[in-house]
Amino acid sequence: MKGKQDFFLMFLVVGLFFVLISPYFLTDGMFLDGLWYATISKNMSEGFCSFWTPKLTQTRWAWGQPPMAFLLQAPFFLISKNLYIAKIYSVLTYICTGSLMFGIWKEIGENFKYFWFVILLWITIPLVYWGATNNVLENTMSIFVMLSILLYLKSLRKFRFPFVILSGLMLFFAFLTKGFTGLYPLVFPFLHCLFLHKRKLSATLVDSICIFISLVLPLFILYLFNPEAKHFFDMYMSEQVVNSLNNVRTVDNRFFIVLRFFEEILVPLILVVIIVLIAFKQNVLLPSLKRTNLKLGGTFFALTLSGVLPMMISLKQSGFYIITVFPIFAIALGIAIQPTLEQIYVHQIFRQVGKVFSILLLIFSVVLNVYFAGKVGKDKEMLADIHLISEKLPENTIIDADTTLHDQWSMIAYFYFNKKISIDFESKYVYYLCDINNTPIDSTYTLIVKGTTLQLFQKP
């Protein structure tokens, strides 16, 4: 590890991060997927469901995703049952990921003094600071992906096979978090060998086989000897994997995910261009380019693409599916630009102003988060109606709903998260929910409460 960290620059980055997430951090409302995961985690913490039998409500199972993130998040709901607990957990996963990025940065021998810029490149990616408060599974999976990479890098120096086996186990945990999308670090040993030539191909092949066995063997043991695990994996493969490949289409073009990746990295690239222009003006660009470690940067950039390109196999794509590659990309870009950063001259006056500004920004980020705390960051009208209706119903109530609400997945999760109210569509319960533009077919129903978008009726 080389260099001494300018801590005020890290304060600057941390302050900027919390400014970016402030409107959605300690607030009510959440992106659909993250809301579902928070609800399942809360259910698990209360003993309503188990690791291999996840449930969203009394009327809905949740076989769509592996349950590792739910298990890790569940203990947080023992502290409080509020939705912001899931957001705090989500931000904590980012702190863990940032720490692992530092571990990798240290392991590859880069200068600690400029690590702040790597974090800056990472947190200025829109999907990154969006994901920080939306509790997507990729946040947890990033920890296992980065651990796998770090442990393999450590295996190149000492304790080869223990670290290689642990690297594979981290991919096993990544699979238990979000399935196949977390397995792309399997190619890292080959990429490292291809670009850096630090280990013979035969040794790399042995490493890869060990990593693969460490990943697959626990899955086989669970599948063969744990009936609940077997049932879960069967349901997951049929409902999520096979169905997504064959029947689910969220984009029109398989290249959507690639285009989205390049859109997301525009801000980091602009930051790098600014650094390059400053270096050019100070006549230090050419010397710094000669010191750039293109092989090492290329290794991490190739690994980044390994996490993006396989997504093209399915037409079910969304930008946040690739959140785990952005820490790796930031490291790759950081490696490329570090020699240029080392050459740039910064006047002492700017350093002093920067120190003051970084502290002020950090304080401002705290004030901003306190200001937004308790407000509604998403689904304001829906949440107002749900709270209004929930007041009229006891916990653990099952209510009927109009079929026009069948796809209102956020509404279904909010009702259960907030009051343990389950929604069904079988027309056999006392209460009936519909939107403001509809009424029950049965005219004997009595209106109980009417909100802005939803209304609740009761049988006589």
# chains A, B, ... in the order shown; residues from 1 in each chain; ligands from 1

call {"tool": "residues_around", "arguments": {"residues": "Met170 in chain A", "least_positions_apart": "2", "cutoff": "9 Å", "atoms": "only C-alpha atoms", "output": "PyMOL selection string"}}
result
chain A and resi 143-148+151+165-168+172-175+214-215

call {"tool": "closest_atom_pairs", "arguments": {"of": "range 407-445 of chain A", "to": "range 43-53 of chain A", "cutoff": "12 Å", "atoms": "only C-alpha atoms", "output": "tab-separated table"}}
result
residue	atom	partner	partner_atom	distance
A:Ala413	CA	A:Asn43	CA	11.3
A:Tyr416	CA	A:Asn43	CA	9.3
A:Phe417	CA	A:Asn43	CA	8.4
A:Asn418	CA	A:Asn43	CA	11.4
A:Lys419	CA	A:Asn43	CA	11.8
A:Lys420	CA	A:Asn43	CA	9.4

call {"tool": "write_last_selection", "arguments": {"atoms": "C-alpha atoms", "output": "compact mmCIF listing (two decimals), in the first residue's frame"}}
result
# COMPACT_ATOMS: atom_id res chain seq x y z
CA ALA A 413 -46.60 -5.74 -0.71
CA TYR A 416 -48.71 -6.79 4.05
CA PHE A 417 -45.58 -4.92 5.11
CA ASN A 418 -47.54 -2.22 6.92
CA LYS A 419 -50.44 -4.18 8.48
CA LYS A 420 -50.14 -7.87 7.47

call {"tool": "closest_residue", "arguments": {"among": "A:Ile149, A:Val353, A:Ile323, A:Leu341", "to": "Phe115 in chain A", "atoms": "only C-alpha atoms"}}
result
A:Leu341

call {"tool": "closest_residue", "arguments": {"among": "A:Phe357, A:Phe76, A:Val366, A:His406", "to": "Met10 in chain A", "atoms": "only C-alpha atoms"}}
result
A:Phe357

call {"tool": "residues_around", "arguments": {"residues": "Ile423 in chain A", "least_positions_apart": "6", "cutoff": "12 Å", "atoms": "only C-alpha atoms", "output": "ChimeraX atom specification"}}
result
/A:56-60,396-403,405-416,429-434

call {"tool": "residues_around", "arguments": {"residues": "Gln455 in chain A", "least_positions_apart": "4", "cutoff": "7 Å", "atoms": "only C-alpha atoms", "output": "ChimeraX atom specification"}}
result
/A:433-436,449-451

call {"tool": "closest_residue", "arguments": {"among": "A:Leu150, A:Val356, A:Ile40, A:Leu219", "to": "Glu107 in chain A", "atoms": "only C-alpha atoms"}}
result
A:Leu150

call {"tool": "residues_around", "arguments": {"residues": "Gly179 in chain A", "least_positions_apart": "4", "cutoff": "10 Å", "atoms": "only C-alpha atoms", "output": "ChimeraX atom specification"}}
result
/A:65-67,141,171-175,183,236-237,240-241

call {"tool": "residues_around", "arguments": {"residues": "range 267-278 of chain A", "least_positions_apart": "4", "cutoff": "9 Å", "atoms": "only C-alpha atoms", "output": "number ranges by chain"}}
result
A: 120-122, 124-126, 263, 282-285, 330, 333-334, 337, 340-341, 344

call {"tool": "write_last_selection", "arguments": {"atoms": "all heavy atoms", "output": "tab-separated table (two decimals), in the first residue's frame"}}
result
chain	number	residue	atom	x	y	z
A	120	LEU	N	-15.37	7.70	-5.96
A	120	LEU	CA	-16.10	8.77	-6.66
A	120	LEU	C	-16.62	8.26	-8.00
A	120	LEU	O	-17.77	8.53	-8.37
A	120	LEU	CB	-15.19	9.98	-6.86
A	120	LEU	CG	-15.83	11.17	-7.59
A	120	LEU	CD1	-16.96	11.76	-6.75
A	120	LEU	CD2	-14.78	12.24	-7.90
A	121	LEU	N	-15.78	7.54	-8.73
A	121	LEU	CA	-16.21	6.98	-10.02
A	121	LEU	C	-17.39	6.04	-9.83
A	121	LEU	O	-18.31	6.01	-10.65
A	121	LEU	CB	-15.05	6.24	-10.67
A	121	LEU	CG	-13.84	7.07	-11.10
A	121	LEU	CD1	-12.71	6.16	-11.57
A	121	LEU	CD2	-14.22	8.06	-12.19
A	122	TRP	N	-17.38	5.30	-8.74
A	122	TRP	CA	-18.43	4.32	-8.46
A	122	TRP	C	-19.75	4.99	-8.09
A	122	TRP	O	-20.79	4.70	-8.68
A	122	TRP	CB	-17.95	3.40	-7.34
A	122	TRP	CG	-18.93	2.37	-6.90
A	122	TRP	CD1	-19.72	1.57	-7.69
A	122	TRP	CD2	-19.23	2.00	-5.54
A	122	TRP	NE1	-20.49	0.73	-6.91
A	122	TRP	CE2	-20.20	0.97	-5.59
A	122	TRP	CE3	-18.76	2.42	-4.30
A	122	TRP	CZ2	-20.72	0.38	-4.43
A	122	TRP	CZ3	-19.25	1.83	-3.15
A	122	TRP	CH2	-20.23	0.82	-3.22
A	124	THR	N	-20.94	7.96	-8.51
A	124	THR	CA	-21.56	8.90	-9.45
A	124	THR	C	-22.28	8.21	-10.60
A	124	THR	O	-22.84	8.87	-11.47
A	124	THR	CB	-20.51	9.88	-10.01
A	124	THR	OG1	-19.40	9.15	-10.54
A	124	THR	CG2	-20.04	10.84	-8.93
A	125	ILE	N	-22.27	6.89	-10.60
A	125	ILE	CA	-23.05	6.13	-11.59
A	125	ILE	C	-24.51	6.14	-11.14
A	125	ILE	O	-24.82	5.72	-10.02
A	125	ILE	CB	-22.52	4.69	-11.71
A	125	ILE	CG1	-21.11	4.70	-12.30
A	125	ILE	CG2	-23.45	3.84	-12.57
A	125	ILE	CD1	-20.41	3.35	-12.28
A	126	PRO	N	-25.44	6.64	-11.94
A	126	PRO	CA	-26.84	6.80	-11.50
A	126	PRO	C	-27.47	5.54	-10.92
A	126	PRO	O	-28.15	5.60	-9.90
A	126	PRO	CB	-27.55	7.26	-12.77
A	126	PRO	CG	-26.49	7.98	-13.55
A	126	PRO	CD	-25.22	7.22	-13.29
A	263	GLU	N	-24.48	3.95	-21.05
A	263	GLU	CA	-25.17	5.16	-20.59
A	263	GLU	C	-24.83	5.47	-19.13
A	263	GLU	O	-24.60	6.62	-18.75
A	263	GLU	CB	-26.69	4.99	-20.74
A	263	GLU	CG	-27.18	5.02	-22.17
A	263	GLU	CD	-28.67	4.73	-22.25
A	263	GLU	OE1	-29.30	4.53	-21.18
A	263	GLU	OE2	-29.21	4.67	-23.37
A	282	GLN	N	-1.23	20.81	-18.03
A	282	GLN	CA	-0.04	20.91	-17.19
A	282	GLN	C	1.16	20.16	-17.78
A	282	GLN	O	2.20	20.04	-17.13
A	282	GLN	CB	-0.35	20.36	-15.79
A	282	GLN	CG	-1.38	21.19	-15.02
A	282	GLN	CD	-1.63	20.65	-13.61
A	282	GLN	OE1	-1.04	19.65	-13.20
A	282	GLN	NE2	-2.50	21.33	-12.87
A	283	ASN	N	1.00	19.66	-19.01
A	283	ASN	CA	2.09	18.97	-19.72
A	283	ASN	C	2.60	17.74	-18.98
A	283	ASN	O	3.81	17.44	-18.99
A	283	ASN	CB	3.25	19.93	-19.98
A	283	ASN	CG	2.87	21.07	-20.90
A	283	ASN	OD1	2.19	20.86	-21.91
A	283	ASN	ND2	3.27	22.29	-20.56
A	284	VAL	N	1.70	17.00	-18.31
A	284	VAL	CA	2.12	15.78	-17.61
A	284	VAL	C	1.37	14.56	-18.12
A	284	VAL	O	1.50	13.47	-17.55
A	284	VAL	CB	1.89	15.93	-16.08
A	284	VAL	CG1	2.77	17.03	-15.51
A	284	VAL	CG2	0.42	16.19	-15.77
A	285	LEU	N	0.60	14.73	-19.20
A	285	LEU	CA	-0.23	13.63	-19.69
A	285	LEU	C	0.62	12.49	-20.27
A	285	LEU	O	0.42	11.32	-19.92
A	285	LEU	CB	-1.22	14.13	-20.73
A	285	LEU	CG	-2.17	13.06	-21.31
A	285	LEU	CD1	-3.00	12.43	-20.19
A	285	LEU	CD2	-3.08	13.67	-22.38
A	330	ALA	N	-15.23	0.63	-11.76
A	330	ALA	CA	-14.58	1.77	-11.10
A	330	ALA	C	-13.12	1.47	-10.79
A	330	ALA	O	-12.24	2.33	-10.93
A	330	ALA	CB	-15.33	2.14	-9.83
A	333	LEU	N	-11.21	1.62	-14.15
A	333	LEU	CA	-10.99	3.00	-14.58
A	333	LEU	C	-10.02	3.71	-13.64
A	333	LEU	O	-9.20	4.53	-14.08
A	333	LEU	CB	-12.34	3.73	-14.62
A	333	LEU	CG	-12.43	4.97	-15.52
A	333	LEU	CD1	-12.03	4.65	-16.95
A	333	LEU	CD2	-13.85	5.54	-15.48
A	334	GLY	N	-10.10	3.38	-12.36
A	334	GLY	CA	-9.17	3.97	-11.39
A	334	GLY	C	-7.74	3.57	-11.66
A	334	GLY	O	-6.81	4.40	-11.54
A	337	ILE	N	-6.45	5.67	-14.61
A	337	ILE	CA	-6.28	7.11	-14.44
A	337	ILE	C	-5.34	7.47	-13.30
A	337	ILE	O	-4.89	8.62	-13.19
A	337	ILE	CB	-7.66	7.79	-14.22
A	337	ILE	CG1	-7.60	9.30	-14.51
A	337	ILE	CG2	-8.17	7.54	-12.82
A	337	ILE	CD1	-7.25	9.64	-15.93
A	340	THR	N	-2.11	9.43	-13.95
A	340	THR	CA	-2.39	10.81	-14.33
A	340	THR	C	-2.70	11.65	-13.10
A	340	THR	O	-2.24	12.80	-12.98
A	340	THR	CB	-3.56	10.86	-15.32
A	340	THR	OG1	-3.27	10.01	-16.43
A	340	THR	CG2	-3.79	12.27	-15.83
A	341	LEU	N	-3.48	11.11	-12.18
A	341	LEU	CA	-3.78	11.82	-10.93
A	341	LEU	C	-2.50	12.12	-10.15
A	341	LEU	O	-2.37	13.19	-9.54
A	341	LEU	CB	-4.72	10.97	-10.06
A	341	LEU	CG	-6.20	10.98	-10.42
A	341	LEU	CD1	-6.95	9.93	-9.61
A	341	LEU	CD2	-6.82	12.35	-10.18
A	344	ILE	N	-0.70	15.33	-11.58
A	344	ILE	CA	-1.36	16.64	-11.57
A	344	ILE	C	-0.92	17.47	-10.36
A	344	ILE	O	-0.86	16.98	-9.23
A	344	ILE	CB	-2.89	16.46	-11.58
A	344	ILE	CG1	-3.35	15.92	-12.94
A	344	ILE	CG2	-3.60	17.77	-11.29
A	344	ILE	CD1	-4.82	15.60	-13.00

call {"tool": "atom_distance", "arguments": {"atom1": "CA of Gly34 in chain A", "atom2": "CA of Asn134 in chain A"}}
result
5.3 Å

call {"tool": "decode", "arguments": {"residues": "range 209-238 of chain A", "atoms": "C-alpha atoms", "output": "PDB file, in the first residue's frame"}}
result
ATOM      1  CA  ILE A 209     -11.816 -26.334 -11.294  1.00  0.00           C
ATOM      2  CA  CYS A 210     -11.453 -25.858  -7.513  1.00  0.00           C
ATOM      3  CA  ILE A 211     -13.598 -22.714  -7.609  1.00  0.00           C
ATOM      4  CA  PHE A 212     -16.240 -24.487  -9.685  1.00  0.00           C
ATOM      5  CA  ILE A 213     -16.341 -27.494  -7.348  1.00  0.00           C
ATOM      6  CA  SER A 214     -16.560 -25.203  -4.305  1.00  0.00           C
ATOM      7  CA  LEU A 215     -19.566 -23.554  -5.954  1.00  0.00           C
ATOM      8  CA  VAL A 216     -21.377 -26.613  -7.268  1.00  0.00           C
ATOM      9  CA  LEU A 217     -20.748 -29.188  -4.518  1.00  0.00           C
ATOM     10  CA  PRO A 218     -22.757 -27.366  -1.796  1.00  0.00           C
ATOM     11  CA  LEU A 219     -25.617 -26.916  -4.270  1.00  0.00           C
ATOM     12  CA  PHE A 220     -25.630 -30.636  -5.092  1.00  0.00           C
ATOM     13  CA  ILE A 221     -25.541 -31.583  -1.405  1.00  0.00           C
ATOM     14  CA  LEU A 222     -28.466 -29.278  -0.649  1.00  0.00           C
ATOM     15  CA  TYR A 223     -30.439 -30.528  -3.627  1.00  0.00           C
ATOM     16  CA  LEU A 224     -29.868 -34.208  -2.866  1.00  0.00           C
ATOM     17  CA  PHE A 225     -30.210 -34.242   0.909  1.00  0.00           C
ATOM     18  CA  ASN A 226     -32.492 -31.329   1.812  1.00  0.00           C
ATOM     19  CA  PRO A 227     -36.092 -31.803   0.563  1.00  0.00           C
ATOM     20  CA  GLU A 228     -37.031 -28.167   1.255  1.00  0.00           C
ATOM     21  CA  ALA A 229     -33.995 -26.937  -0.699  1.00  0.00           C
ATOM     22  CA  LYS A 230     -34.813 -29.299  -3.566  1.00  0.00           C
ATOM     23  CA  HIS A 231     -38.386 -28.031  -3.716  1.00  0.00           C
ATOM     24  CA  PHE A 232     -37.211 -24.436  -3.646  1.00  0.00           C
ATOM     25  CA  PHE A 233     -34.667 -24.922  -6.464  1.00  0.00           C
ATOM     26  CA  ASP A 234     -37.238 -26.761  -8.582  1.00  0.00           C
ATOM     27  CA  MET A 235     -39.716 -23.916  -8.124  1.00  0.00           C
ATOM     28  CA  TYR A 236     -37.050 -21.268  -8.723  1.00  0.00           C
ATOM     29  CA  MET A 237     -35.827 -22.898 -11.935  1.00  0.00           C
ATOM     30  CA  SER A 238     -39.333 -23.338 -13.351  1.00  0.00           C
TER      31      SER A 238
END
